[in-house]
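Next comes final_25.tsv, with TSV, C-alpha atoms.
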```
chain	number	residue	atom	x	y	z
A	4	MET	CA	-91.32	67.95	-19.52
A	5	THR	CA	-93.49	65.30	-21.24
A	6	ARG	CA	-94.96	62.37	-19.32
A	7	VAL	CA	-92.63	59.90	-21.08
A	8	SER	CA	-89.58	62.00	-20.28
A	9	LEU	CA	-90.67	62.31	-16.65
A	10	LEU	CA	-91.22	58.56	-16.48
A	11	ILE	CA	-87.76	57.90	-17.92
A	12	VAL	CA	-86.16	60.27	-15.40
A	13	MET	CA	-88.06	58.65	-12.51
A	14	VAL	CA	-87.03	55.15	-13.58
A	15	PHE	CA	-83.42	56.31	-13.96
A	16	VAL	CA	-83.41	57.87	-10.49
A	17	CYS	CA	-84.95	54.73	-8.97
A	18	LEU	CA	-82.38	52.49	-10.64
A	19	MET	CA	-79.49	54.69	-9.53
A	20	THR	CA	-80.83	54.79	-5.98
A	21	MET	CA	-81.21	51.00	-5.86
A	22	GLN	CA	-77.71	50.49	-7.25
A	23	CYS	CA	-76.16	52.91	-4.82
A	24	CYS	CA	-78.00	51.55	-1.80
A	25	SER	CA	-77.48	47.84	-2.48
A	26	GLY	CA	-73.90	48.34	-3.67
A	27	ARG	CA	-72.84	50.47	-0.71
A	28	GLU	CA	-74.46	48.25	1.91
A	29	GLY	CA	-73.43	44.94	0.37
A	30	GLU	CA	-69.83	45.78	-0.47
A	31	THR	CA	-68.71	48.02	2.35
A	32	ALA	CA	-65.84	45.96	3.76
A	33	LEU	CA	-64.64	44.93	0.32
A	34	VAL	CA	-64.87	48.43	-1.12
A	35	ILE	CA	-62.98	49.80	1.87
A	36	LEU	CA	-60.23	47.21	1.51
A	37	GLU	CA	-59.97	47.85	-2.21
A	38	GLU	CA	-59.62	51.55	-1.49
A	39	LEU	CA	-56.92	50.76	1.04
A	40	GLU	CA	-55.18	48.44	-1.41
A	41	ALA	CA	-55.20	51.17	-4.06
A	42	ALA	CA	-53.80	53.74	-1.62
A	43	SER	CA	-51.10	51.34	-0.39
A	44	GLY	CA	-50.11	50.55	-3.96
A	45	VAL	CA	-49.28	54.14	-4.95
A	46	LYS	CA	-45.64	54.19	-6.06
A	47	ASP	CA	-44.48	57.58	-4.89
A	48	PRO	CA	-44.06	57.47	-1.07
A	49	GLU	CA	-45.32	60.99	-0.40
A	50	ASP	CA	-48.34	60.47	-2.68
A	51	ARG	CA	-48.97	57.17	-0.94
A	52	LEU	CA	-48.92	58.88	2.45
A	53	GLU	CA	-51.38	61.44	1.20
A	54	ARG	CA	-53.74	58.76	-0.15
A	55	LEU	CA	-53.51	56.80	3.09
A	56	ASP	CA	-54.28	59.94	5.04
A	57	ILE	CA	-57.34	60.51	2.86
A	58	PHE	CA	-58.38	56.92	3.49
A	59	VAL	CA	-58.25	57.43	7.25
A	60	LYS	CA	-60.20	60.69	6.98
A	61	ASN	CA	-62.83	58.93	4.86
A	62	HIS	CA	-63.11	56.03	7.30
A	63	PRO	CA	-62.37	57.44	10.76
A	64	GLU	CA	-64.19	54.65	12.61
A	65	ASP	CA	-63.41	51.75	10.35
A	66	TYR	CA	-61.63	48.68	11.70
A	67	PHE	CA	-59.18	48.66	8.81
A	68	ARG	CA	-57.85	52.14	9.46
A	69	ARG	CA	-55.17	50.41	11.57
A	70	LEU	CA	-53.77	48.93	8.35
A	71	ALA	CA	-53.62	52.39	6.78
A	72	TYR	CA	-51.76	53.72	9.81
A	73	TRP	CA	-49.31	50.84	9.59
A	74	GLU	CA	-48.77	51.27	5.87
A	75	SER	CA	-48.00	54.92	6.55
A	76	PHE	CA	-45.52	54.00	9.26
A	77	LYS	CA	-43.73	51.55	6.96
A	78	THR	CA	-43.71	54.03	4.11
A	79	ILE	CA	-42.03	56.66	6.27
A	80	ALA	CA	-39.62	54.19	7.90
A	81	ASP	CA	-38.65	52.21	4.80
A	82	ASP	CA	-39.33	54.27	1.69
A	83	VAL	CA	-38.72	57.75	3.05
A	84	GLY	CA	-35.99	56.24	5.25
A	85	SER	CA	-36.72	57.83	8.61
A	86	LEU	CA	-37.63	55.65	11.57
A	87	GLU	CA	-37.61	58.76	13.75
A	88	ARG	CA	-40.24	60.48	11.59
A	89	ALA	CA	-42.21	57.21	11.40
A	90	SER	CA	-42.22	57.00	15.21
A	91	GLU	CA	-43.37	60.61	15.46
A	92	TYR	CA	-46.16	59.82	13.00
A	93	LEU	CA	-47.25	56.85	15.10
A	94	ASP	CA	-47.07	58.93	18.30
A	95	GLY	CA	-49.42	61.39	16.62
A	96	VAL	CA	-51.85	58.60	15.76
A	97	LEU	CA	-51.72	57.16	19.28
A	98	ALA	CA	-52.33	60.60	20.77
A	99	LYS	CA	-55.71	60.78	19.07
A	100	GLU	CA	-56.78	57.11	19.05
A	101	SER	CA	-58.26	55.76	22.26
A	102	ASP	CA	-59.36	52.34	20.92
A	103	HIS	CA	-57.25	50.00	23.08
A	104	ALA	CA	-57.23	47.15	20.58
A	105	LEU	CA	-56.11	49.45	17.77
A	106	ARG	CA	-53.43	51.01	19.96
A	107	GLY	CA	-52.21	47.59	21.01
A	108	ASN	CA	-52.11	46.42	17.41
A	109	LEU	CA	-50.08	49.42	16.21
A	110	LEU	CA	-47.69	49.32	19.15
A	111	LEU	CA	-47.12	45.62	18.64
A	112	ARG	CA	-46.37	46.15	14.95
A	113	LYS	CA	-43.89	48.88	15.85
A	114	PHE	CA	-42.29	46.64	18.46
A	115	ALA	CA	-41.96	43.77	15.97
A	116	TYR	CA	-40.51	46.12	13.37
A	117	VAL	CA	-37.91	47.47	15.80
A	118	PHE	CA	-37.19	43.99	17.18
A	119	LYS	CA	-36.05	42.84	13.75
A	120	LYS	CA	-33.64	45.76	13.50
A	121	ASN	CA	-32.38	46.10	17.06
A	122	ARG	CA	-33.49	43.88	19.92
A	123	ARG	CA	-32.12	46.18	22.59
A	124	ASP	CA	-34.21	49.10	21.28
A	125	ALA	CA	-37.25	46.83	21.13
A	126	ALA	CA	-36.68	45.71	24.72
A	127	SER	CA	-36.52	49.38	25.80
A	128	LEU	CA	-39.77	49.96	23.99
A	129	ALA	CA	-41.39	47.02	25.80
A	130	ALA	CA	-40.14	48.34	29.14
A	131	GLU	CA	-41.59	51.78	28.34
A	132	MET	CA	-44.96	50.24	27.55
A	133	LEU	CA	-44.89	48.24	30.77
A	134	ASP	CA	-44.26	51.44	32.70
A	135	GLY	CA	-46.88	53.34	30.70
A	136	GLY	CA	-50.65	52.92	30.65
A	137	GLU	CA	-51.26	50.53	27.75
A	138	VAL	CA	-54.08	48.10	28.47
A	139	SER	CA	-54.07	45.72	25.55
A	140	PRO	CA	-53.34	42.21	26.88
A	141	LYS	CA	-52.48	40.99	23.38
A	142	LEU	CA	-49.78	43.65	23.08
A	143	PHE	CA	-47.95	42.26	26.10
A	144	LEU	CA	-48.60	38.63	25.16
A	145	TYR	CA	-47.21	39.00	21.66
A	146	MET	CA	-44.23	41.08	22.78
A	147	ALA	CA	-43.43	38.21	25.15
A	148	TYR	CA	-43.49	35.81	22.18
A	149	TYR	CA	-40.67	37.81	20.61
A	150	LEU	CA	-38.68	38.45	23.78
A	151	GLU	CA	-38.67	34.86	25.00
A	152	SER	CA	-36.55	33.90	21.98
A	153	ASP	CA	-33.64	35.76	23.60
A	154	ASP	CA	-32.21	34.65	26.95
A	155	GLU	CA	-31.18	38.21	27.68
A	156	TYR	CA	-34.83	39.20	28.18
A	157	VAL	CA	-36.09	36.56	30.57
A	158	GLU	CA	-37.23	39.03	33.21
A	159	LEU	CA	-38.84	41.33	30.66
A	160	THR	CA	-40.68	38.37	29.10
A	161	GLU	CA	-42.09	37.39	32.46
A	162	ARG	CA	-43.15	40.96	33.22
A	163	CYS	CA	-44.97	41.15	29.87
A	164	LEU	CA	-46.80	37.88	30.45
A	165	LYS	CA	-47.81	38.82	33.97
A	166	ARG	CA	-49.02	42.21	32.78
A	167	ALA	CA	-51.07	40.51	30.06
A	168	LEU	CA	-52.67	38.32	32.73
A	169	GLU	CA	-53.54	41.31	34.89
A	170	LEU	CA	-55.43	42.81	31.96
A	171	VAL	CA	-57.78	39.91	31.24
A	172	SER	CA	-59.82	38.13	33.89
A	173	ASP	CA	-61.17	35.07	32.07
A	174	GLY	CA	-61.86	33.41	28.74
A	175	PHE	CA	-59.85	32.02	25.90
A	176	LEU	CA	-57.32	34.82	25.83
A	177	ARG	CA	-56.53	34.37	29.51
A	178	SER	CA	-56.01	30.65	28.92
A	179	ARG	CA	-53.71	31.42	26.00
A	180	ILE	CA	-51.61	33.71	28.17
A	181	LEU	CA	-51.50	31.11	30.94
A	182	VAL	CA	-50.23	28.49	28.48
A	183	VAL	CA	-47.47	30.76	27.23
A	184	LEU	CA	-46.53	31.69	30.81
A	185	GLY	CA	-46.60	28.04	31.89
A	186	GLU	CA	-44.35	26.99	29.02
A	187	PHE	CA	-42.01	29.88	29.79
A	188	LEU	CA	-41.78	28.88	33.47
A	189	GLU	CA	-41.10	25.26	32.52
A	190	GLU	CA	-38.25	26.35	30.24
A	191	GLN	CA	-36.82	28.34	33.14
A	192	GLY	CA	-36.82	25.18	35.27
A	193	ARG	CA	-39.67	26.44	37.49
A	194	ARG	CA	-41.75	23.32	37.11
A	195	ASP	CA	-44.05	23.64	40.12
A	196	GLU	CA	-45.04	27.14	39.11
A	197	ALA	CA	-45.49	25.97	35.52
A	198	LEU	CA	-47.85	23.21	36.60
A	199	GLU	CA	-49.89	25.55	38.76
A	200	VAL	CA	-50.29	28.00	35.87
A	201	LEU	CA	-50.99	25.40	33.18
A	202	ARG	CA	-53.70	23.73	35.28
A	203	LYS	CA	-55.66	26.98	35.11
A	204	ALA	CA	-55.47	27.11	31.31
A	205	GLY	CA	-57.99	24.40	30.47
A	206	MET	CA	-59.81	26.39	27.81
A	207	ASP	CA	-56.69	26.35	25.64
A	208	ALA	CA	-56.02	22.90	24.17
A	209	PHE	CA	-52.29	23.61	24.05
A	210	SER	CA	-52.23	23.38	27.84
A	211	GLY	CA	-52.81	19.66	27.35
A	212	GLY	CA	-49.59	19.30	25.39
A	213	SER	CA	-47.52	21.10	28.00
A	214	LEU	CA	-49.12	19.34	30.97
A	215	GLY	CA	-48.81	16.01	29.20
A	216	GLU	CA	-45.11	16.54	28.67
A	217	ILE	CA	-44.39	17.56	32.26
A	218	LEU	CA	-46.52	14.88	33.89
A	219	TRP	CA	-45.17	12.14	31.61
A	220	GLU	CA	-41.65	13.05	32.72
A	221	GLU	CA	-42.79	12.94	36.33
A	222	GLY	CA	-44.10	9.42	35.83
A	223	GLU	CA	-47.80	10.30	36.01
A	224	ARG	CA	-48.43	8.56	32.73
A	225	GLU	CA	-52.18	7.99	32.83
A	226	ILE	CA	-52.92	11.60	33.70
A	227	ALA	CA	-50.34	12.75	31.15
A	228	LEU	CA	-52.03	10.65	28.50
A	229	ASP	CA	-55.39	12.20	29.29
A	230	HIS	CA	-53.88	15.65	28.80
A	231	TYR	CA	-52.22	14.61	25.55
A	232	ILE	CA	-55.53	13.28	24.23
A	233	ARG	CA	-57.19	16.61	25.09
A	234	TYR	CA	-54.35	18.39	23.28
A	235	ILE	CA	-54.61	16.32	20.09
A	236	ALA	CA	-58.41	16.59	20.18
A	237	GLY	CA	-58.17	20.38	20.03
A	238	VAL	CA	-54.93	20.68	18.03
A	239	PRO	CA	-54.96	17.86	15.44
A	240	SER	CA	-51.53	18.86	14.12
A	241	GLY	CA	-50.16	18.11	17.60
A	242	VAL	CA	-49.53	14.53	16.44
A	243	GLU	CA	-46.43	15.89	14.72
A	244	SER	CA	-44.82	16.50	18.11
A	245	VAL	CA	-46.56	13.95	20.33
A	246	PRO	CA	-46.36	10.25	19.37
A	247	LEU	CA	-49.75	9.67	20.95
A	248	ASP	CA	-50.25	6.23	19.42
A	249	SER	CA	-47.03	4.91	20.96
A	250	LEU	CA	-47.63	6.54	24.32
A	251	PHE	CA	-51.16	5.14	24.44
A	252	VAL	CA	-49.90	1.63	23.73
A	253	LEU	CA	-47.23	2.02	26.44
A	254	VAL	CA	-49.92	2.79	29.02
A	255	ASN	CA	-52.81	0.65	27.77
A	256	GLY	CA	-51.20	-2.21	25.93
A	257	ASP	CA	-52.93	-1.55	22.63
A	258	MET	CA	-54.60	1.23	20.64
A	259	SER	CA	-58.20	0.24	21.14
A	260	GLY	CA	-60.38	3.11	22.23
A	261	LEU	CA	-57.91	5.86	21.37
A	262	ASP	CA	-59.85	7.28	18.40
A	263	GLU	CA	-63.06	7.28	20.42
A	264	MET	CA	-61.37	9.12	23.30
A	265	ILE	CA	-60.01	11.79	20.94
A	266	LEU	CA	-63.42	12.19	19.33
A	267	SER	CA	-65.22	12.46	22.66
A	268	LYS	CA	-62.94	15.35	23.67
A	269	ARG	CA	-63.16	16.93	20.23
A	270	ILE	CA	-66.93	17.25	20.41
A	271	ILE	CA	-67.94	20.14	22.64
A	272	ASP	CA	-70.87	22.47	22.97
A	273	GLU	CA	-69.91	26.12	23.12
A	274	GLY	CA	-73.48	27.26	22.61
A	275	PRO	CA	-75.10	29.03	19.66
A	276	LEU	CA	-72.95	30.68	17.02
A	277	GLU	CA	-73.58	34.39	17.30
A	278	GLN	CA	-75.25	35.62	14.14
A	279	HIS	CA	-73.40	38.10	11.95
A	280	ALA	CA	-73.45	39.42	8.41
A	281	PHE	CA	-70.36	39.57	6.24
A	282	VAL	CA	-69.29	40.48	2.75
A	283	ASP	CA	-67.04	38.06	0.90
A	284	ILE	CA	-64.10	38.95	-1.30
A	285	GLU	CA	-66.37	38.93	-4.34
A	286	GLY	CA	-68.67	41.46	-2.73
A	287	ARG	CA	-71.51	39.06	-1.97
A	288	ARG	CA	-73.35	39.31	1.34
A	289	HIS	CA	-73.49	36.35	3.69
A	290	ASP	CA	-75.52	35.98	6.85
A	291	LEU	CA	-74.48	33.21	9.22
A	292	ALA	CA	-78.19	32.77	9.98
A	293	ASP	CA	-78.67	31.54	6.40
A	294	TYR	CA	-76.68	28.42	7.27
A	295	ILE	CA	-78.98	27.25	10.05
A	296	GLY	CA	-80.29	23.87	9.03
A	297	ASP	CA	-76.92	22.92	7.49
A	298	ASN	CA	-73.81	21.63	9.20
A	299	LEU	CA	-71.30	24.41	8.78
A	300	VAL	CA	-67.50	24.39	8.88
A	301	ILE	CA	-65.84	27.77	9.33
A	302	ILE	CA	-62.12	28.22	8.79
A	303	ILE	CA	-60.72	31.39	10.34
A	304	TRP	CA	-57.48	32.22	8.59
A	305	SER	CA	-54.88	34.82	7.85
A	306	PRO	CA	-52.46	34.58	4.95
A	307	THR	CA	-50.07	37.04	6.64
B	19	MET	CA	-58.24	19.59	-2.33
B	20	GLU	CA	-61.70	18.96	-3.72
B	21	PHE	CA	-63.67	20.99	-1.23
B	22	LYS	CA	-66.96	20.77	-3.09
B	23	SER	CA	-66.92	16.99	-3.24
B	24	LEU	CA	-65.99	16.82	0.44
B	25	GLU	CA	-68.88	19.11	1.36
B	26	LYS	CA	-71.24	16.92	-0.58
B	27	LYS	CA	-69.83	13.66	0.76
B	28	LEU	CA	-69.92	14.67	4.42
B	29	GLY	CA	-72.96	16.94	4.25
B	30	PHE	CA	-71.71	20.35	5.32
B	31	LYS	CA	-71.17	23.85	3.97
B	32	LEU	CA	-67.72	25.38	4.15
B	33	ILE	CA	-66.87	29.05	4.55
B	34	GLY	CA	-63.65	30.87	5.28
B	35	ILE	CA	-63.29	34.06	7.28
B	36	ASP	CA	-60.21	36.12	6.60
B	37	VAL	CA	-58.93	38.29	9.44
B	38	SER	CA	-55.90	39.83	7.71
B	39	GLY	CA	-57.50	42.57	5.64
B	40	ASN	CA	-54.93	41.78	2.95
B	41	LEU	CA	-56.95	41.21	-0.21
B	42	ALA	CA	-54.01	40.40	-2.48
B	43	LYS	CA	-52.57	37.71	-0.21
B	44	THR	CA	-56.01	36.29	0.52
B	45	ARG	CA	-56.75	35.94	-3.17
B	46	GLU	CA	-53.34	34.30	-3.67
B	47	LEU	CA	-54.02	31.82	-0.87
B	48	ILE	CA	-57.42	30.99	-2.32
B	49	LYS	CA	-55.87	30.32	-5.71
B	50	GLU	CA	-53.03	28.20	-4.25
B	51	ASN	CA	-55.46	26.03	-2.30
B	52	GLY	CA	-58.07	25.78	-5.00
B	53	ALA	CA	-60.61	27.08	-2.52
B	54	THR	CA	-64.04	27.22	-4.07
B	55	PHE	CA	-65.89	28.17	-0.90
B	56	PRO	CA	-66.88	31.72	0.07
B	57	VAL	CA	-64.16	33.65	1.89
B	58	LEU	CA	-65.69	36.32	4.09
B	59	ILE	CA	-63.99	39.51	5.20
B	60	ASP	CA	-63.88	40.05	8.95
B	61	GLY	CA	-64.26	43.80	8.99
B	62	ASP	CA	-65.08	44.26	12.67
B	63	SER	CA	-63.06	41.69	14.61
B	64	TYR	CA	-65.94	39.20	14.91
B	65	SER	CA	-63.46	36.30	14.95
B	66	ARG	CA	-61.44	37.73	17.81
B	67	GLU	CA	-64.11	39.44	19.91
B	68	ILE	CA	-67.05	37.04	19.46
B	69	LEU	CA	-65.46	33.71	18.56
B	70	HIS	CA	-62.42	34.40	20.77
B	71	VAL	CA	-60.00	33.16	18.16
B	72	THR	CA	-56.46	33.57	19.46
B	73	MET	CA	-54.56	31.78	16.68
B	74	THR	CA	-55.03	31.13	12.98
B	75	PRO	CA	-56.05	28.90	11.43
B	76	THR	CA	-58.89	27.91	13.73
B	77	LEU	CA	-61.67	25.69	12.45
B	78	PHE	CA	-65.19	25.58	13.88
B	79	ILE	CA	-67.79	22.90	13.29
B	80	ILE	CA	-71.36	24.15	13.72
B	81	ASP	CA	-74.28	21.76	13.83
B	82	GLY	CA	-77.56	22.21	11.98
B	83	SER	CA	-79.17	23.96	14.95
B	84	GLY	CA	-76.44	26.59	14.89
B	85	ARG	CA	-74.44	25.42	17.92
B	86	ILE	CA	-70.63	25.37	17.99
B	87	ARG	CA	-69.68	21.71	18.40
B	88	SER	CA	-65.95	21.72	17.80
B	89	ARG	CA	-63.04	24.15	17.89
B	90	LEU	CA	-59.79	23.02	16.28
B	91	VAL	CA	-56.63	25.10	16.33
B	92	GLY	CA	-53.83	24.89	13.79
B	93	LYS	CA	-53.79	23.21	10.42
B	94	VAL	CA	-56.02	20.21	9.93
B	95	ASP	CA	-54.32	17.89	7.47
B	96	ASN	CA	-56.96	15.23	7.19
B	97	LEU	CA	-60.06	17.39	6.92
B	98	GLU	CA	-62.24	14.51	5.79
B	99	ARG	CA	-61.34	12.32	8.74
B	100	VAL	CA	-61.46	15.05	11.37
B	101	VAL	CA	-64.63	16.80	10.20
B	102	GLY	CA	-66.27	13.52	9.20
B	103	GLY	CA	-65.58	12.10	12.64
B	104	VAL	CA	-67.27	15.00	14.41
B	105	LEU	CA	-70.21	15.25	12.01
B	106	GLY	CA	-70.80	11.53	12.36
B	107	CYS	CA	-71.42	11.98	16.08
B	108	ILE	CA	-73.36	15.24	16.42
```

Let me see the file written as structure tokens.
Amino acid sequence: MTRVSLLIVMVFVCLMTMQCCSGREGETALVILEELEAASGVKDPEDRLERLDIFVKNHPEDYFRRLAYWESFKTIADDVGSLERASEYLDGVLAKESDHALRGNLLLRKFAYVFKKNRRDAASLAAEMLDGGEVSPKLFLYMAYYLESDDEYVELTERCLKRALELVSDGFLRSRILVVLGEFLEEQGRRDEALEVLRKAGMDAFSGGSLGEILWEEGEREIALDHYIRYIAGVPSGVESVPLDSLFVLVNGDMSGLDEMILSKRIIDEGPLEQHAFVDIEGRRHDLADYIGDNLVIIIWSPT
Amino acid sequence: MEFKSLEKKLGFKLIGIDVSGNLAKTRELIKENGATFPVLIDGDSYSREILHVTMTPTLFIIDGSGRIRSRLVGKVDNLERVVGGVLGCI
């Protein structure tokens, strides 16, 4: 091989290596999702199942494999037309997956799917999970969200919420569960219990709305107002259900100071934002550390 | 909404983090809202496990030193007023 040819080959190899390395590292989450999207979009159900299975085998540890599992379940249940086979498929997945969050996510999706078709079957499923060994607090919390819409499942709703509480000792999730339990108890006419539970849920701004409502009815208007202000500070859209301006005037005579009170509760200090690297939907890499020095607003969303 | 002009006016950078893993719907939402800011993919549950997000949307305001100074749950209709209010005080 001549020197020029060797040089050309070396440059080519270097370029290919650079492209592969930077592309693979910088686009991993996007590439994985695009692969999943392609597999999920296959028209023939059996081909789709095969592609989804390949996806899971290619990405056995990836966070998004739960979506592939769910797509497979829906394909079998809806397109192939067999809920029984879909359930067997999911049982097979759950037998090999020990990730509690993933298990909880899949079981919740199955529960929600069944709930839409037959609430009684869904309730049986929830009861089975309560009697079994599932340890995802979100599973029980979100099943309770569904069940509480039906008066027939009051006891089951409460069991789910209390199980969720047993599974998480502190933090935002525990506060969320306490709010949902408190609101549930209030709806059942168990006001004292509701108050006791809601008072422990301070990390969740929604607790302010519920406490405000109860205490206002009980005539404790100043304390109720304080809770409402905390609620609106953390949940700005809460003004749609709480006429805070009017309530403030009723207690204080006029509106002066209200905006400042809301702002003072809105500004907190939760400590440093933990650094993390992401890929965006265009495949570009972003490091949260790059934003230090700027004020940053982050919107966490889900279109689904 | 004119996000770019708001960012410039109030002096902040805006990013979105999508937790759904649904590229098609995310892209649709971006188009519907005229979002010109980066939308990041949460591929390892950072939002839930680290930021402890329990509902979406949730909006965080981070100051220039990297500290979380506000956590707002649910839609924020008047972004300029709400974000501007906080940024004006931190």

Could you please give me, as a compact mmCIF listing (two decimals) with C-alpha atoms, in the coordinates of the input, the residues of protein, DNA or RNA lying at most 9 Å from (-62.1, 23.0, 20.7) in the coordinate frame of the file, considering only C-alpha atoms?
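Result saved to part.txt:
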```
# COMPACT_ATOMS: atom_id res chain seq x y z
CA MET A 206 -59.81 26.39 27.81
CA ASP A 207 -56.69 26.35 25.64
CA ALA A 208 -56.02 22.90 24.17
CA ALA A 236 -58.41 16.59 20.18
CA GLY A 237 -58.17 20.38 20.03
CA VAL A 238 -54.93 20.68 18.03
CA LYS A 268 -62.94 15.35 23.67
CA ARG A 269 -63.16 16.93 20.23
CA ILE A 270 -66.93 17.25 20.41
CA ILE A 271 -67.94 20.14 22.64
CA GLU A 273 -69.91 26.12 23.12
CA LEU B 77 -61.67 25.69 12.45
CA PHE B 78 -65.19 25.58 13.88
CA ARG B 87 -69.68 21.71 18.40
CA SER B 88 -65.95 21.72 17.80
CA ARG B 89 -63.04 24.15 17.89
CA LEU B 90 -59.79 23.02 16.28
CA VAL B 91 -56.63 25.10 16.33
```

Between A:Glu223, A:Phe76, A:Gly241, A:Phe175, single out the one closest to Ile68 of chain B, counting only C-alpha atoms. A:Phe175

For chain B against chain A, with a cut-off of 8 Å and counting all atoms listed in the file, what is the closest atom pair and its distance in Å to one decimal for every residue that makes the cut, ordered by chain and number, as JSON lines?
```
{"residue": "B:Gly29", "atom": "CA", "partner": "A:Asn298", "partner_atom": "CA", "distance": 6.9}
{"residue": "B:Phe30", "atom": "CA", "partner": "A:Asn298", "partner_atom": "CA", "distance": 4.6}
{"residue": "B:Lys31", "atom": "CA", "partner": "A:Leu299", "partner_atom": "CA", "distance": 4.8}
{"residue": "B:Leu32", "atom": "CA", "partner": "A:Val300", "partner_atom": "CA", "distance": 4.8}
{"residue": "B:Ile33", "atom": "CA", "partner": "A:Ile301", "partner_atom": "CA", "distance": 5.1}
{"residue": "B:Gly34", "atom": "CA", "partner": "A:Ile302", "partner_atom": "CA", "distance": 4.7}
{"residue": "B:Ile35", "atom": "CA", "partner": "A:Ile303", "partner_atom": "CA", "distance": 4.8}
{"residue": "B:Asp36", "atom": "CA", "partner": "A:Trp304", "partner_atom": "CA", "distance": 5.2}
{"residue": "B:Val37", "atom": "CA", "partner": "A:Ser305", "partner_atom": "CA", "distance": 5.6}
{"residue": "B:Ser38", "atom": "CA", "partner": "A:Ser305", "partner_atom": "CA", "distance": 5.1}
{"residue": "B:Gly39", "atom": "CA", "partner": "A:Leu36", "partner_atom": "CA", "distance": 6.8}
{"residue": "B:Asn40", "atom": "CA", "partner": "A:Leu36", "partner_atom": "CA", "distance": 7.7}
{"residue": "B:Leu41", "atom": "CA", "partner": "A:Leu36", "partner_atom": "CA", "distance": 7.1}
{"residue": "B:Lys43", "atom": "CA", "partner": "A:Pro306", "partner_atom": "CA", "distance": 6.0}
{"residue": "B:Thr44", "atom": "CA", "partner": "A:Pro306", "partner_atom": "CA", "distance": 5.9}
{"residue": "B:Leu47", "atom": "CA", "partner": "A:Pro306", "partner_atom": "CA", "distance": 6.6}
{"residue": "B:Pro56", "atom": "CA", "partner": "A:Asp283", "partner_atom": "CA", "distance": 6.4}
{"residue": "B:Val57", "atom": "CA", "partner": "A:Asp283", "partner_atom": "CA", "distance": 5.4}
{"residue": "B:Leu58", "atom": "CA", "partner": "A:Asp283", "partner_atom": "CA", "distance": 3.9}
{"residue": "B:Ile59", "atom": "CA", "partner": "A:Asp283", "partner_atom": "CA", "distance": 5.5}
{"residue": "B:Asp60", "atom": "CA", "partner": "A:Phe281", "partner_atom": "CA", "distance": 7.0}
{"residue": "B:Gly61", "atom": "CA", "partner": "A:Ala32", "partner_atom": "CA", "distance": 5.9}
{"residue": "B:Asp62", "atom": "CA", "partner": "A:Tyr66", "partner_atom": "CA", "distance": 5.7}
{"residue": "B:Ser63", "atom": "CA", "partner": "A:Tyr66", "partner_atom": "CA", "distance": 7.7}
{"residue": "B:Ser65", "atom": "CA", "partner": "A:Ile303", "partner_atom": "CA", "distance": 7.3}
{"residue": "B:Ile68", "atom": "CA", "partner": "A:Glu277", "partner_atom": "CA", "distance": 7.4}
{"residue": "B:His70", "atom": "CA", "partner": "A:Phe175", "partner_atom": "CA", "distance": 6.2}
{"residue": "B:Val71", "atom": "CA", "partner": "A:Phe175", "partner_atom": "CA", "distance": 7.8}
{"residue": "B:Thr72", "atom": "CA", "partner": "A:Leu176", "partner_atom": "CA", "distance": 6.5}
{"residue": "B:Thr74", "atom": "CA", "partner": "A:Trp304", "partner_atom": "CA", "distance": 5.1}
{"residue": "B:Pro75", "atom": "CA", "partner": "A:Trp304", "partner_atom": "CA", "distance": 4.6}
{"residue": "B:Thr76", "atom": "CA", "partner": "A:Ile303", "partner_atom": "CA", "distance": 5.2}
{"residue": "B:Leu77", "atom": "CA", "partner": "A:Ile302", "partner_atom": "CA", "distance": 4.5}
{"residue": "B:Phe78", "atom": "CA", "partner": "A:Ile301", "partner_atom": "CA", "distance": 5.1}
{"residue": "B:Ile79", "atom": "CA", "partner": "A:Val300", "partner_atom": "CA", "distance": 4.7}
{"residue": "B:Ile80", "atom": "CA", "partner": "A:Leu299", "partner_atom": "CA", "distance": 4.9}
{"residue": "B:Asp81", "atom": "CA", "partner": "A:Asn298", "partner_atom": "CA", "distance": 4.7}
{"residue": "B:Gly82", "atom": "CA", "partner": "A:Gly296", "partner_atom": "CA", "distance": 4.3}
{"residue": "B:Ser83", "atom": "CA", "partner": "A:Ile295", "partner_atom": "CA", "distance": 5.9}
{"residue": "B:Gly84", "atom": "CA", "partner": "A:Ile295", "partner_atom": "CA", "distance": 5.5}
{"residue": "B:Arg85", "atom": "CA", "partner": "A:Pro275", "partner_atom": "CA", "distance": 4.1}
{"residue": "B:Ile86", "atom": "CA", "partner": "A:Glu273", "partner_atom": "CA", "distance": 5.2}
{"residue": "B:Arg87", "atom": "CA", "partner": "A:Asp272", "partner_atom": "CA", "distance": 4.8}
{"residue": "B:Ser88", "atom": "CA", "partner": "A:Ile270", "partner_atom": "CA", "distance": 5.3}
{"residue": "B:Arg89", "atom": "CA", "partner": "A:Gly237", "partner_atom": "CA", "distance": 6.5}
{"residue": "B:Leu90", "atom": "CA", "partner": "A:Gly237", "partner_atom": "CA", "distance": 4.9}
{"residue": "B:Val91", "atom": "CA", "partner": "A:Val238", "partner_atom": "CA", "distance": 5.0}
{"residue": "B:Gly92", "atom": "CA", "partner": "A:Val238", "partner_atom": "CA", "distance": 6.1}
{"residue": "B:Lys93", "atom": "CA", "partner": "A:Ser240", "partner_atom": "CA", "distance": 6.1}
{"residue": "B:Val94", "atom": "CA", "partner": "A:Pro239", "partner_atom": "CA", "distance": 6.1}
{"residue": "B:Asp95", "atom": "CA", "partner": "A:Ser240", "partner_atom": "CA", "distance": 7.3}
{"residue": "B:Gly103", "atom": "CA", "partner": "A:Leu266", "partner_atom": "CA", "distance": 7.0}
{"residue": "B:Val104", "atom": "CA", "partner": "A:Ile270", "partner_atom": "CA", "distance": 6.4}
{"residue": "B:Leu105", "atom": "CA", "partner": "A:Asn298", "partner_atom": "CA", "distance": 7.8}
{"residue": "B:Ile108", "atom": "CA", "partner": "A:Ile270", "partner_atom": "CA", "distance": 7.8}
```
